[in-house]
file upload_27.csv (CSV, C-alpha atoms)
chain,number,residue,atom,x,y,z
H,167,MET,CA,243.0,99.0,217.0
H,168,PHE,CA,240.9,102.0,218.2
H,169,SER,CA,242.2,103.6,221.4
H,170,ILE,CA,241.7,106.7,223.5
H,171,GLU,CA,244.9,108.2,222.1
H,172,ASN,CA,243.7,107.8,218.5
H,173,MET,CA,240.4,109.4,219.6
H,174,PHE,CA,242.2,112.3,221.2
H,175,GLN,CA,244.3,112.8,218.0
H,176,ASN,CA,241.1,112.8,215.9
H,177,TYR,CA,239.5,115.4,218.2
H,178,GLN,CA,242.6,117.6,217.9
H,179,GLY,CA,242.3,117.4,214.1
H,180,MET,CA,238.7,118.3,214.2
H,181,GLU,CA,239.6,121.2,216.6
H,182,GLY,CA,242.0,122.6,214.0
H,183,LEU,CA,239.2,122.6,211.4
H,184,GLY,CA,236.8,124.4,213.8
H,185,LEU,CA,234.6,121.4,214.3
H,186,ARG,CA,234.0,121.1,218.0
H,187,GLU,CA,231.2,119.7,220.1
H,188,SER,CA,228.1,121.8,220.9
H,189,PHE,CA,227.1,122.9,224.3
H,190,LYS,CA,224.1,120.8,225.5
H,191,VAL,CA,223.6,120.5,229.3
H,192,THR,CA,220.5,119.7,231.4
H,193,TYR,CA,220.0,122.0,234.4
H,194,ARG,CA,217.5,122.4,237.2
H,195,CYS,CA,215.5,125.5,236.4
H,196,TYR,CA,214.3,128.1,238.9
H,197,SER,CA,212.5,131.5,238.5
H,198,ILE,CA,214.7,134.5,239.2
H,199,SER,CA,212.7,135.2,242.4
H,200,MET,CA,214.4,132.1,243.9
H,201,PHE,CA,217.9,133.5,243.3
H,202,PRO,CA,219.8,134.1,246.6
H,203,GLY,CA,220.7,137.7,247.4
H,204,PRO,CA,219.0,140.9,246.5
H,205,GLU,CA,216.1,141.0,244.0
H,206,ARG,CA,217.2,141.0,240.4
H,207,GLN,CA,214.6,143.1,238.5
H,208,ASP,CA,217.0,143.4,235.6
H,209,VAL,CA,216.6,139.7,234.9
H,210,GLU,CA,212.8,139.8,235.4
H,211,ARG,CA,212.4,142.6,232.8
H,212,GLY,CA,214.4,141.0,230.0
H,213,GLY,CA,215.1,137.8,228.1
H,214,LYS,CA,218.4,136.7,229.6
H,215,ILE,CA,219.2,134.1,232.2
H,216,MET,CA,221.7,133.3,235.0
H,217,MET,CA,224.0,130.4,234.4
H,218,PRO,CA,226.7,128.6,236.6
H,219,PRO,CA,230.4,129.4,236.3
H,220,SER,CA,231.2,125.9,235.0
H,221,ALA,CA,229.1,126.7,231.9
H,222,LEU,CA,231.4,129.6,231.1
H,223,ASP,CA,234.5,127.4,231.4
H,224,LYS,CA,233.0,124.8,229.1
H,225,LEU,CA,231.8,127.4,226.6
H,226,ALA,CA,235.3,129.0,226.6
H,227,ARG,CA,236.7,125.6,225.4
H,228,LEU,CA,234.2,125.3,222.6
H,229,ASN,CA,233.8,127.1,219.3
H,230,ILE,CA,230.8,129.1,220.4
H,231,GLN,CA,229.6,131.9,218.2
H,232,TYR,CA,229.0,135.3,219.9
H,233,PRO,CA,226.7,136.6,221.0
H,234,MET,CA,225.9,133.5,223.1
H,235,LEU,CA,222.3,132.4,222.4
H,236,PHE,CA,220.6,129.3,223.8
H,237,LYS,CA,217.6,127.2,223.3
H,238,LEU,CA,215.7,126.0,226.4
H,239,VAL,CA,213.7,122.8,226.0
H,240,ASN,CA,211.3,121.3,228.5
H,241,LYS,CA,211.1,117.7,227.3
H,242,LYS,CA,208.3,116.9,229.7
H,243,THR,CA,205.9,119.3,227.9
H,244,ASN,CA,207.7,119.5,224.6
H,245,ARG,CA,207.9,123.3,224.9
H,246,GLU,CA,210.9,125.4,223.9
H,247,THR,CA,212.1,129.0,223.9
H,248,HIS,CA,215.3,131.0,223.3
H,249,CYS,CA,217.3,133.3,225.5
H,250,GLY,CA,220.7,135.0,226.1
H,251,VAL,CA,222.9,134.9,229.1
H,252,LEU,CA,223.3,137.8,231.6
H,253,GLU,CA,225.8,136.5,234.2
H,254,PHE,CA,227.5,133.2,235.1
H,255,VAL,CA,226.9,133.4,238.9
H,256,ALA,CA,224.2,130.8,239.5
H,257,ASP,CA,224.7,127.8,241.7
H,258,GLU,CA,226.2,124.8,240.0
H,259,GLY,CA,223.6,122.6,238.3
H,260,ARG,CA,221.1,125.4,238.3
H,261,ILE,CA,219.9,128.2,236.0
H,262,TYR,CA,217.6,131.1,236.9
H,263,ILE,CA,215.2,132.5,234.3
H,264,PRO,CA,212.4,135.2,234.3
H,265,TYR,CA,209.0,134.2,235.4
H,266,TRP,CA,207.4,134.8,232.0
H,267,MET,CA,209.9,132.3,230.5
H,268,THR,CA,208.9,129.6,233.0
H,269,CYS,CA,205.3,130.1,231.9
H,270,ASN,CA,206.2,129.6,228.2
H,271,LEU,CA,208.1,126.4,229.1
H,272,LEU,CA,205.1,125.2,231.2
H,273,LEU,CA,207.2,124.5,234.3
H,274,ASP,CA,204.8,123.4,236.9
H,275,GLU,CA,207.3,123.4,239.8
H,276,GLU,CA,210.6,125.0,240.8
H,277,GLY,CA,213.6,122.9,240.0
H,278,GLY,CA,212.2,121.2,236.9
H,279,LEU,CA,214.7,119.8,234.4
H,280,VAL,CA,215.4,121.9,231.4
H,281,GLN,CA,217.9,121.2,228.6
H,282,LEU,CA,220.1,124.1,227.6
H,283,GLU,CA,221.7,124.1,224.1
H,284,SER,CA,223.8,126.7,222.3
H,285,VAL,CA,222.3,127.8,219.0
H,286,SER,CA,223.0,130.3,216.2
H,287,LEU,CA,220.0,132.5,215.2
H,288,PRO,CA,219.4,134.8,212.2
H,289,ILE,CA,219.3,138.5,212.7
H,290,ALA,CA,215.7,139.8,213.1
H,291,THR,CA,214.2,142.2,210.5
H,292,PHE,CA,210.5,142.2,211.6
H,293,ALA,CA,208.4,141.2,214.6
H,294,LYS,CA,204.6,141.5,215.2
H,295,PHE,CA,203.2,141.6,218.7
H,296,GLN,CA,199.7,141.4,220.2
H,297,PRO,CA,199.0,143.0,223.6
H,298,GLN,CA,196.9,140.8,225.9
H,299,ASN,CA,195.0,143.7,227.4
H,300,VAL,CA,193.5,146.9,226.0
H,301,ASP,CA,195.3,148.9,228.7
H,302,PHE,CA,198.3,148.8,226.5
H,303,LEU,CA,196.6,151.4,224.2
H,304,GLU,CA,196.7,153.9,227.1
H,305,ILE,CA,200.5,154.2,226.5
H,306,THR,CA,201.3,157.4,224.6
H,307,ASN,CA,203.9,155.9,222.4
H,308,PRO,CA,203.7,152.1,222.6
H,309,LYS,CA,206.2,151.5,219.9
H,310,ALA,CA,208.9,153.5,221.6
H,311,VAL,CA,208.2,151.8,224.9
H,312,LEU,CA,208.5,148.3,223.4
H,313,GLU,CA,211.7,149.1,221.5
H,314,ASN,CA,213.2,150.4,224.8
H,315,ALA,CA,212.1,147.2,226.6
H,316,LEU,CA,213.5,144.9,223.9
H,317,ARG,CA,217.0,146.2,224.7
H,318,ASN,CA,217.0,143.8,227.6
H,319,PHE,CA,216.2,140.8,225.3
H,320,ALA,CA,218.6,138.8,223.2
H,321,CYS,CA,216.2,137.0,220.9
H,322,LEU,CA,212.5,136.4,220.2
H,323,THR,CA,210.6,133.2,219.6
H,324,THR,CA,207.3,133.0,217.7
H,325,GLY,CA,204.5,132.0,220.1
H,326,ASP,CA,206.2,133.2,223.2
H,327,MET,CA,204.4,135.5,225.7
H,328,ILE,CA,206.9,138.1,226.8
H,329,ALA,CA,206.3,140.6,229.6
H,330,ILE,CA,207.5,144.2,229.8
H,331,LYS,CA,207.1,146.8,232.5
H,332,TYR,CA,206.2,150.5,232.1
H,333,ASN,CA,205.4,152.9,234.9
H,334,ASP,CA,205.4,150.1,237.4
H,335,LYS,CA,202.8,148.1,235.4
H,336,ALA,CA,203.4,144.8,233.6
H,337,TYR,CA,202.1,144.3,230.1
H,338,GLU,CA,202.1,140.9,228.3
H,339,LEU,CA,202.6,140.7,224.6
H,340,CYS,CA,202.4,137.6,222.4
H,341,VAL,CA,205.0,137.3,219.6
H,342,LEU,CA,202.7,136.5,216.6
H,343,GLU,CA,205.4,136.6,213.9
H,344,ALA,CA,209.1,137.0,213.5
H,345,LYS,CA,211.2,137.2,210.4
H,346,PRO,CA,213.3,135.7,208.8
H,347,GLY,CA,212.7,132.7,211.1
H,348,LYS,CA,210.7,131.3,213.9
H,349,ALA,CA,213.4,132.3,216.4
H,350,VAL,CA,215.6,135.4,215.7
H,351,SER,CA,218.3,137.4,217.3
H,352,ILE,CA,217.5,141.0,218.1
H,353,ILE,CA,221.0,142.1,219.3
H,354,GLU,CA,222.3,145.1,217.2
H,355,CYS,CA,219.7,144.9,214.5
H,356,ASP,CA,217.3,147.1,212.7
H,357,LEU,CA,214.0,145.7,213.8
H,358,ASN,CA,210.6,146.8,212.3
H,359,VAL,CA,207.8,146.4,214.9
H,360,ASP,CA,204.1,146.1,214.3
H,361,PHE,CA,201.1,145.5,216.6
H,362,ALA,CA,197.9,143.5,216.2
H,363,ALA,CA,194.6,144.6,217.9
H,364,PRO,CA,194.8,143.8,221.7
H,365,ILE,CA,192.7,141.0,223.2
H,366,GLY,CA,189.2,142.4,224.0
H,367,TYR,CA,189.5,145.4,221.7
H,368,LYS,CA,186.3,146.5,219.9
H,369,GLU,CA,186.1,149.0,217.0
H,370,PRO,CA,184.2,152.2,217.9
H,371,LEU,CA,180.9,152.7,216.2
H,372,PRO,CA,180.5,155.5,213.6
H,373,SER,CA,179.2,158.7,215.0
H,374,ASN,CA,176.1,158.8,212.8
H,375,VAL,CA,175.0,155.4,214.0
H,376,VAL,CA,175.3,156.4,217.6
H,377,THR,CA,173.3,159.7,217.0
H,378,ASP,CA,170.5,157.9,215.1
H,379,SER,CA,170.1,155.3,217.8
H,380,VAL,CA,170.0,158.0,220.5
H,381,ASP,CA,167.4,160.1,218.6
H,382,GLU,CA,165.2,157.0,218.1
H,383,ASP,CA,165.4,156.1,221.8
H,384,MET,CA,164.6,159.7,222.9
H,385,SER,CA,161.6,160.0,220.5
H,386,THR,CA,160.2,156.7,221.8
H,387,GLU,CA,160.5,157.8,225.4
H,388,MET,CA,158.9,161.2,224.8
H,389,SER,CA,156.0,159.6,223.0
H,390,ASP,CA,155.3,157.5,226.1
H,391,TYR,CA,155.1,160.5,228.5
H,392,ILE,CA,153.2,163.2,226.4
H,393,ASP,CA,149.5,163.5,227.2
H,394,PRO,CA,147.3,164.1,224.2
H,395,GLY,CA,145.4,166.8,226.2
H,396,PHE,CA,148.6,168.6,227.2
H,397,LYS,CA,148.5,172.4,227.0
H,398,ALA,CA,151.7,174.4,227.3
H,399,PHE,CA,152.1,177.1,230.0
H,400,ALA,CA,148.7,176.3,231.6
H,401,GLY,CA,149.9,176.4,235.2
H,402,SER,CA,149.1,179.0,237.8
H,403,GLY,CA,151.4,181.9,238.7
H,404,ASN,CA,152.3,183.8,241.9
H,405,ARG,CA,152.8,187.6,242.4
H,406,LEU,CA,156.0,189.0,243.9
H,407,ASP,CA,154.0,191.1,246.3
H,408,GLY,CA,152.2,188.1,247.7
H,409,LYS,CA,148.7,189.3,246.7
H,410,LYS,CA,146.3,186.9,245.1
H,411,ARG,CA,145.0,187.4,241.6
H,412,ASP,CA,141.5,188.8,241.3
H,413,LYS,CA,139.6,186.1,239.5
H,414,GLU,CA,136.5,188.2,239.1
H,415,ASN,CA,138.2,190.8,236.8
H,416,THR,CA,139.8,188.3,234.6
H,417,SER,CA,138.4,187.9,231.1
H,418,GLU,CA,140.0,184.6,230.4
H,419,LYS,CA,137.8,181.7,229.6
H,420,PRO,CA,138.8,178.1,230.1
H,421,VAL,CA,139.8,176.5,226.9
H,422,ALA,CA,138.9,173.0,226.2
H,423,PRO,CA,141.9,170.8,225.6
H,424,GLN,CA,142.4,170.1,221.9
H,425,GLU,CA,143.7,167.0,220.5
H,426,LEU,CA,147.2,167.4,219.1
H,427,VAL,CA,147.5,166.8,215.4
H,428,ARG,CA,150.6,165.2,214.1
H,429,GLY,CA,152.4,167.5,211.7
H,430,ILE,CA,153.8,166.5,208.3
H,431,PRO,CA,157.5,165.6,208.6
H,432,ASN,CA,160.1,167.5,206.7
H,433,TYR,CA,161.4,165.0,204.2
H,434,ASP,CA,164.1,167.4,203.0
H,435,PHE,CA,165.7,167.5,206.5
H,436,LYS,CA,169.5,167.3,206.6
H,437,LYS,CA,171.7,167.0,209.7
H,438,GLY,CA,173.4,170.2,210.6
H,439,LYS,CA,170.9,172.4,208.8
H,440,LEU,CA,168.1,174.5,210.5
H,441,THR,CA,164.9,175.1,208.6
H,442,PHE,CA,162.5,177.7,209.8
H,443,ILE,CA,159.0,177.2,208.3
H,444,ARG,CA,156.9,180.3,208.2
H,445,THR,CA,153.1,180.2,207.5
H,446,GLN,CA,150.8,183.1,206.8
H,447,ARG,CA,148.3,183.9,209.4
H,448,GLN,CA,144.7,184.5,208.5
H,449,ILE,CA,143.6,188.1,208.9
H,450,GLN,CA,140.1,188.9,210.1
H,451,ASN,CA,139.2,192.5,209.5
H,452,GLY,CA,135.8,193.4,208.4
H,453,ASP,CA,134.9,191.8,205.1
H,454,SER,CA,138.1,189.8,204.4
H,455,LYS,CA,138.9,186.5,206.1
H,456,GLU,CA,141.0,184.9,203.4
H,457,GLY,CA,144.6,183.8,204.2
H,458,ASN,CA,146.0,185.4,201.1
H,459,SER,CA,144.7,189.0,201.9
H,460,PHE,CA,147.9,189.8,203.9
H,461,GLU,CA,149.7,193.0,202.7
H,462,ALA,CA,153.0,194.0,204.2
H,463,PHE,CA,153.3,197.5,205.8
H,464,ALA,CA,149.7,198.3,205.3
H,465,GLY,CA,149.0,199.4,208.8
H,466,SER,CA,148.4,203.0,210.0
H,467,GLY,CA,151.0,204.9,211.9
H,468,GLN,CA,150.8,207.0,215.0
H,469,SER,CA,152.7,210.2,215.8
H,470,LEU,CA,154.0,211.0,219.2
H,471,ARG,CA,153.5,214.8,218.6
H,472,LYS,CA,149.9,215.9,217.9
H,473,LYS,CA,149.4,218.1,215.0
H,474,VAL,CA,148.2,221.6,216.0
H,475,THR,CA,145.6,223.1,213.7
H,476,ARG,CA,145.4,226.9,213.5
H,477,LYS,CA,142.1,228.7,213.3

call {"tool": "encode", "arguments": {"input": "upload_27.csv", "output": "structure tokens"}}
result
Amino acid sequence: MFSIENMFQNYQGMEGLGLRESFKVTYRCYSISMFPGPERQDVERGGKIMMPPSALDKLARLNIQYPMLFKLVNKKTNRETHCGVLEFVADEGRIYIPYWMTCNLLLDEEGGLVQLESVSLPIATFAKFQPQNVDFLEITNPKAVLENALRNFACLTTGDMIAIKYNDKAYELCVLEAKPGKAVSIIECDLNVDFAAPIGYKEPLPSNVVTDSVDEDMSTEMSDYIDPGFKAFAGSGNRLDGKKRDKENTSEKPVAPQELVRGIPNYDFKKGKLTFIRTQRQIQNGDSKEGNSFEAFAGSGQSLRKKVTRK
């Protein structure tokens, strides 16, 4: 005949072998902002929760492995995440968790039912994160900032969207990958951290592509505004003494506007190199009008002191 005494004796035998029941309790879940008393930013910035004192009493009677890690399950949405415990000071029948954790569990209201179960997770060796905003790139040393923020976390779950704060600004990061398992413990471990490109990030264009596009745009705009009959420095001037120019003594004749001829481009042009093209000017002196009649230093000189001839 099976009795309660026999069941108790069997339980004691299992207790001697280290086989005890696991901790699995359903609580009403609230965000940490609903916790009575002063604001608890230490909970909001990490991955640990507040549990009632009765949970500590029950965990003390069970063969629970330290550190205490738990799996939170919202059966209504079939979503789960993992966490540690910070304190056992919550009201009975309630747990208080960070706001980012309520978003991962898809809790649509305060006081929703969540199942809390004790688990044992492998030690983490690698984790990859993806920032949800390009503002994360403005941090001077993002890896050091993340490693410092993860000290307030007990474990990581692949697919979770965690939130960290730096300089009074919140940054969201998605856990893309964790090794050696989907959920890992990050307490006292050597964790290698990697980042994926943030959401909305665009690779900068090469500098030569930007320069070429700007040059083409500028040449197109200049061609639209240049007049074919344009003559440089053809405007009128003013004297400093205020007198008007005597137009009768001027020998300048109006020059008819000439049509600009497009020059031959330099096909050997290279960026960063200046090329000065020199052409020979035609010399018109007496009988010779050929362009190749130029002779260097063939002019006559003048002396400042006149030569005195003696009689």

call {"tool": "atom_distance", "arguments": {"input": "upload_27.csv", "atom1": "CA of Ile215 in chain H", "atom2": "CA of Phe361 in chain H"}}
result
26.5 Å

call {"tool": "closest_residue", "arguments": {"input": "upload_27.csv", "among": "H:Ala336, H:Pro431, H:Asp360, H:Lys348", "to": "Gln298 in chain H", "atoms": "all atoms listed in the file"}}
result
H:Ala336

call {"tool": "atom_distance", "arguments": {"input": "upload_27.csv", "atom1": "CA of Ser199 in chain H", "atom2": "CA of Glu276 in chain H"}}
result
10.5 Å

call {"tool": "closest_residue", "arguments": {"input": "upload_27.csv", "among": "H:Ala256, H:Val350, H:Met216, H:Leu316", "to": "Ala290 in chain H", "atoms": "all atoms listed in the file"}}
result
H:Val350

call {"tool": "atom_distance", "arguments": {"input": "upload_27.csv", "atom1": "CA of Pro264 in chain H", "atom2": "CA of Gln207 in chain H"}}
result
9.2 Å

call {"tool": "residues_around", "arguments": {"input": "upload_27.csv", "residues": "Met267 in chain H", "least_positions_apart": "3", "cutoff": "12 Å", "atoms": "all atoms listed in the file", "output": "VMD selection string"}}
result
chain H and resid 195 to 198 209 to 215 237 to 240 245 to 250 262 to 264 270 to 273 280 319 322 to 323 325 to 329 338

call {"tool": "closest_residue", "arguments": {"input": "upload_27.csv", "among": "H:Gly203, H:Gly277, H:Pro364, H:Gly467", "to": "Leu342 in chain H", "atoms": "all atoms listed in the file"}}
result
H:Pro364

call {"tool": "residues_around", "arguments": {"input": "upload_27.csv", "residues": "Ala362 in chain H", "least_positions_apart": "3", "cutoff": "12 Å", "atoms": "only C-alpha atoms", "output": "list in words"}}
result
Ala293, Lys294, Phe295, Gln296, Pro297, Gln298, Asn299, Val300, Phe302, Leu303, Leu339, Cys340, Val341, Leu342, Glu343, Val359, Ile365, Gly366 and Tyr367 of chain H

call {"tool": "residues_near_point", "arguments": {"input": "upload_27.csv", "point": "(219.3, 146.8, 219.9)", "cutoff": "9 Å", "atoms": "all atoms listed in the file", "output": "list in words"}}
result
Glu313, Asn314, Leu316, Arg317, Asn318, Phe319, Ala320, Ile352, Ile353, Glu354, Cys355, Asp356 and Leu357 of chain H

call {"tool": "closest_residue", "arguments": {"input": "upload_27.csv", "among": "H:Tyr265, H:Phe292, H:Phe463, H:Phe435", "to": "Lys345 in chain H", "atoms": "all atoms listed in the file"}}
result
H:Phe292

call {"tool": "decode", "arguments": {"input": "upload_27.csv", "residues": "range 311-334 of chain H", "atoms": "N, CA, C and O atoms", "output": "PDB file, in the first residue's frame"}}
result
ATOM      1  N   VAL H 311      32.778  50.213 -23.102  1.00  0.00           N
ATOM      2  CA  VAL H 311      31.507  50.632 -22.503  1.00  0.00           C
ATOM      3  C   VAL H 311      30.563  49.439 -22.343  1.00  0.00           C
ATOM      4  O   VAL H 311      29.917  49.276 -21.307  1.00  0.00           O
ATOM      5  N   LEU H 312      30.504  48.580 -23.352  1.00  0.00           N
ATOM      6  CA  LEU H 312      29.632  47.409 -23.273  1.00  0.00           C
ATOM      7  C   LEU H 312      30.107  46.427 -22.207  1.00  0.00           C
ATOM      8  O   LEU H 312      29.297  45.904 -21.431  1.00  0.00           O
ATOM      9  N   GLU H 313      31.398  46.183 -22.154  1.00  0.00           N
ATOM     10  CA  GLU H 313      31.925  45.253 -21.156  1.00  0.00           C
ATOM     11  C   GLU H 313      31.659  45.758 -19.739  1.00  0.00           C
ATOM     12  O   GLU H 313      31.369  44.968 -18.835  1.00  0.00           O
ATOM     13  N   ASN H 314      31.737  47.059 -19.541  1.00  0.00           N
ATOM     14  CA  ASN H 314      31.441  47.618 -18.225  1.00  0.00           C
ATOM     15  C   ASN H 314      29.959  47.487 -17.891  1.00  0.00           C
ATOM     16  O   ASN H 314      29.589  47.202 -16.744  1.00  0.00           O
ATOM     17  N   ALA H 315      29.079  47.674 -18.899  1.00  0.00           N
ATOM     18  CA  ALA H 315      27.640  47.559 -18.660  1.00  0.00           C
ATOM     19  C   ALA H 315      27.228  46.114 -18.392  1.00  0.00           C
ATOM     20  O   ALA H 315      26.289  45.861 -17.614  1.00  0.00           O
ATOM     21  N   LEU H 316      27.914  45.147 -18.992  1.00  0.00           N
ATOM     22  CA  LEU H 316      27.545  43.741 -18.820  1.00  0.00           C
ATOM     23  C   LEU H 316      27.864  43.219 -17.426  1.00  0.00           C
ATOM     24  O   LEU H 316      27.460  42.096 -17.088  1.00  0.00           O
ATOM     25  N   ARG H 317      28.571  44.001 -16.617  1.00  0.00           N
ATOM     26  CA  ARG H 317      28.815  43.570 -15.236  1.00  0.00           C
ATOM     27  C   ARG H 317      27.529  43.509 -14.421  1.00  0.00           C
ATOM     28  O   ARG H 317      27.477  42.845 -13.389  1.00  0.00           O
ATOM     29  N   ASN H 318      26.507  44.243 -14.871  1.00  0.00           N
ATOM     30  CA  ASN H 318      25.217  44.215 -14.173  1.00  0.00           C
ATOM     31  C   ASN H 318      24.299  43.114 -14.696  1.00  0.00           C
ATOM     32  O   ASN H 318      23.148  43.036 -14.267  1.00  0.00           O
ATOM     33  N   PHE H 319      24.792  42.311 -15.639  1.00  0.00           N
ATOM     34  CA  PHE H 319      23.997  41.219 -16.199  1.00  0.00           C
ATOM     35  C   PHE H 319      24.527  39.886 -15.674  1.00  0.00           C
ATOM     36  O   PHE H 319      25.705  39.760 -15.335  1.00  0.00           O
ATOM     37  N   ALA H 320      23.635  38.906 -15.621  1.00  0.00           N
ATOM     38  CA  ALA H 320      24.025  37.561 -15.189  1.00  0.00           C
ATOM     39  C   ALA H 320      24.105  36.597 -16.360  1.00  0.00           C
ATOM     40  O   ALA H 320      24.890  35.643 -16.331  1.00  0.00           O
ATOM     41  N   CYS H 321      23.301  36.817 -17.403  1.00  0.00           N
ATOM     42  CA  CYS H 321      23.278  35.909 -18.545  1.00  0.00           C
ATOM     43  C   CYS H 321      22.767  36.652 -19.779  1.00  0.00           C
ATOM     44  O   CYS H 321      22.223  37.759 -19.681  1.00  0.00           O
ATOM     45  N   LEU H 322      22.952  36.015 -20.936  1.00  0.00           N
ATOM     46  CA  LEU H 322      22.502  36.560 -22.208  1.00  0.00           C
ATOM     47  C   LEU H 322      21.708  35.501 -22.951  1.00  0.00           C
ATOM     48  O   LEU H 322      22.013  34.312 -22.881  1.00  0.00           O
ATOM     49  N   THR H 323      20.703  35.955 -23.705  1.00  0.00           N
ATOM     50  CA  THR H 323      19.865  35.069 -24.500  1.00  0.00           C
ATOM     51  C   THR H 323      19.858  35.559 -25.941  1.00  0.00           C
ATOM     52  O   THR H 323      19.612  36.745 -26.199  1.00  0.00           O
ATOM     53  N   THR H 324      20.128  34.658 -26.874  1.00  0.00           N
ATOM     54  CA  THR H 324      20.135  35.023 -28.287  1.00  0.00           C
ATOM     55  C   THR H 324      18.752  35.516 -28.715  1.00  0.00           C
ATOM     56  O   THR H 324      17.747  34.867 -28.436  1.00  0.00           O
ATOM     57  N   GLY H 325      18.722  36.657 -29.381  1.00  0.00           N
ATOM     58  CA  GLY H 325      17.470  37.259 -29.820  1.00  0.00           C
ATOM     59  C   GLY H 325      16.950  38.336 -28.899  1.00  0.00           C
ATOM     60  O   GLY H 325      16.043  39.085 -29.283  1.00  0.00           O
ATOM     61  N   ASP H 326      17.511  38.445 -27.685  1.00  0.00           N
ATOM     62  CA  ASP H 326      17.073  39.476 -26.744  1.00  0.00           C
ATOM     63  C   ASP H 326      17.549  40.857 -27.198  1.00  0.00           C
ATOM     64  O   ASP H 326      18.596  41.001 -27.842  1.00  0.00           O
ATOM     65  N   MET H 327      16.788  41.869 -26.827  1.00  0.00           N
ATOM     66  CA  MET H 327      17.141  43.263 -27.077  1.00  0.00           C
ATOM     67  C   MET H 327      17.459  43.896 -25.726  1.00  0.00           C
ATOM     68  O   MET H 327      16.555  44.280 -24.975  1.00  0.00           O
ATOM     69  N   ILE H 328      18.749  43.973 -25.397  1.00  0.00           N
ATOM     70  CA  ILE H 328      19.133  44.525 -24.106  1.00  0.00           C
ATOM     71  C   ILE H 328      19.324  46.038 -24.237  1.00  0.00           C
ATOM     72  O   ILE H 328      19.445  46.571 -25.344  1.00  0.00           O
ATOM     73  N   ALA H 329      19.340  46.721 -23.099  1.00  0.00           N
ATOM     74  CA  ALA H 329      19.504  48.171 -23.080  1.00  0.00           C
ATOM     75  C   ALA H 329      20.583  48.529 -22.079  1.00  0.00           C
ATOM     76  O   ALA H 329      20.608  48.018 -20.962  1.00  0.00           O
ATOM     77  N   ILE H 330      21.521  49.399 -22.510  1.00  0.00           N
ATOM     78  CA  ILE H 330      22.564  49.891 -21.618  1.00  0.00           C
ATOM     79  C   ILE H 330      22.519  51.414 -21.640  1.00  0.00           C
ATOM     80  O   ILE H 330      21.994  52.014 -22.577  1.00  0.00           O
ATOM     81  N   LYS H 331      23.079  52.041 -20.608  1.00  0.00           N
ATOM     82  CA  LYS H 331      23.107  53.492 -20.514  1.00  0.00           C
ATOM     83  C   LYS H 331      24.538  53.975 -20.434  1.00  0.00           C
ATOM     84  O   LYS H 331      25.378  53.388 -19.749  1.00  0.00           O
ATOM     85  N   TYR H 332      24.796  55.080 -21.166  1.00  0.00           N
ATOM     86  CA  TYR H 332      26.124  55.696 -21.158  1.00  0.00           C
ATOM     87  C   TYR H 332      25.942  57.198 -21.341  1.00  0.00           C
ATOM     88  O   TYR H 332      25.291  57.638 -22.287  1.00  0.00           O
ATOM     89  N   ASN H 333      26.492  57.961 -20.403  1.00  0.00           N
ATOM     90  CA  ASN H 333      26.349  59.430 -20.428  1.00  0.00           C
ATOM     91  C   ASN H 333      24.884  59.847 -20.490  1.00  0.00           C
ATOM     92  O   ASN H 333      24.493  60.693 -21.297  1.00  0.00           O
ATOM     93  N   ASP H 334      24.069  59.215 -19.639  1.00  0.00           N
ATOM     94  CA  ASP H 334      22.643  59.532 -19.518  1.00  0.00           C
ATOM     95  C   ASP H 334      21.876  59.302 -20.824  1.00  0.00           C
ATOM     96  O   ASP H 334      20.843  59.934 -21.062  1.00  0.00           O
TER      97      ASP H 334
END
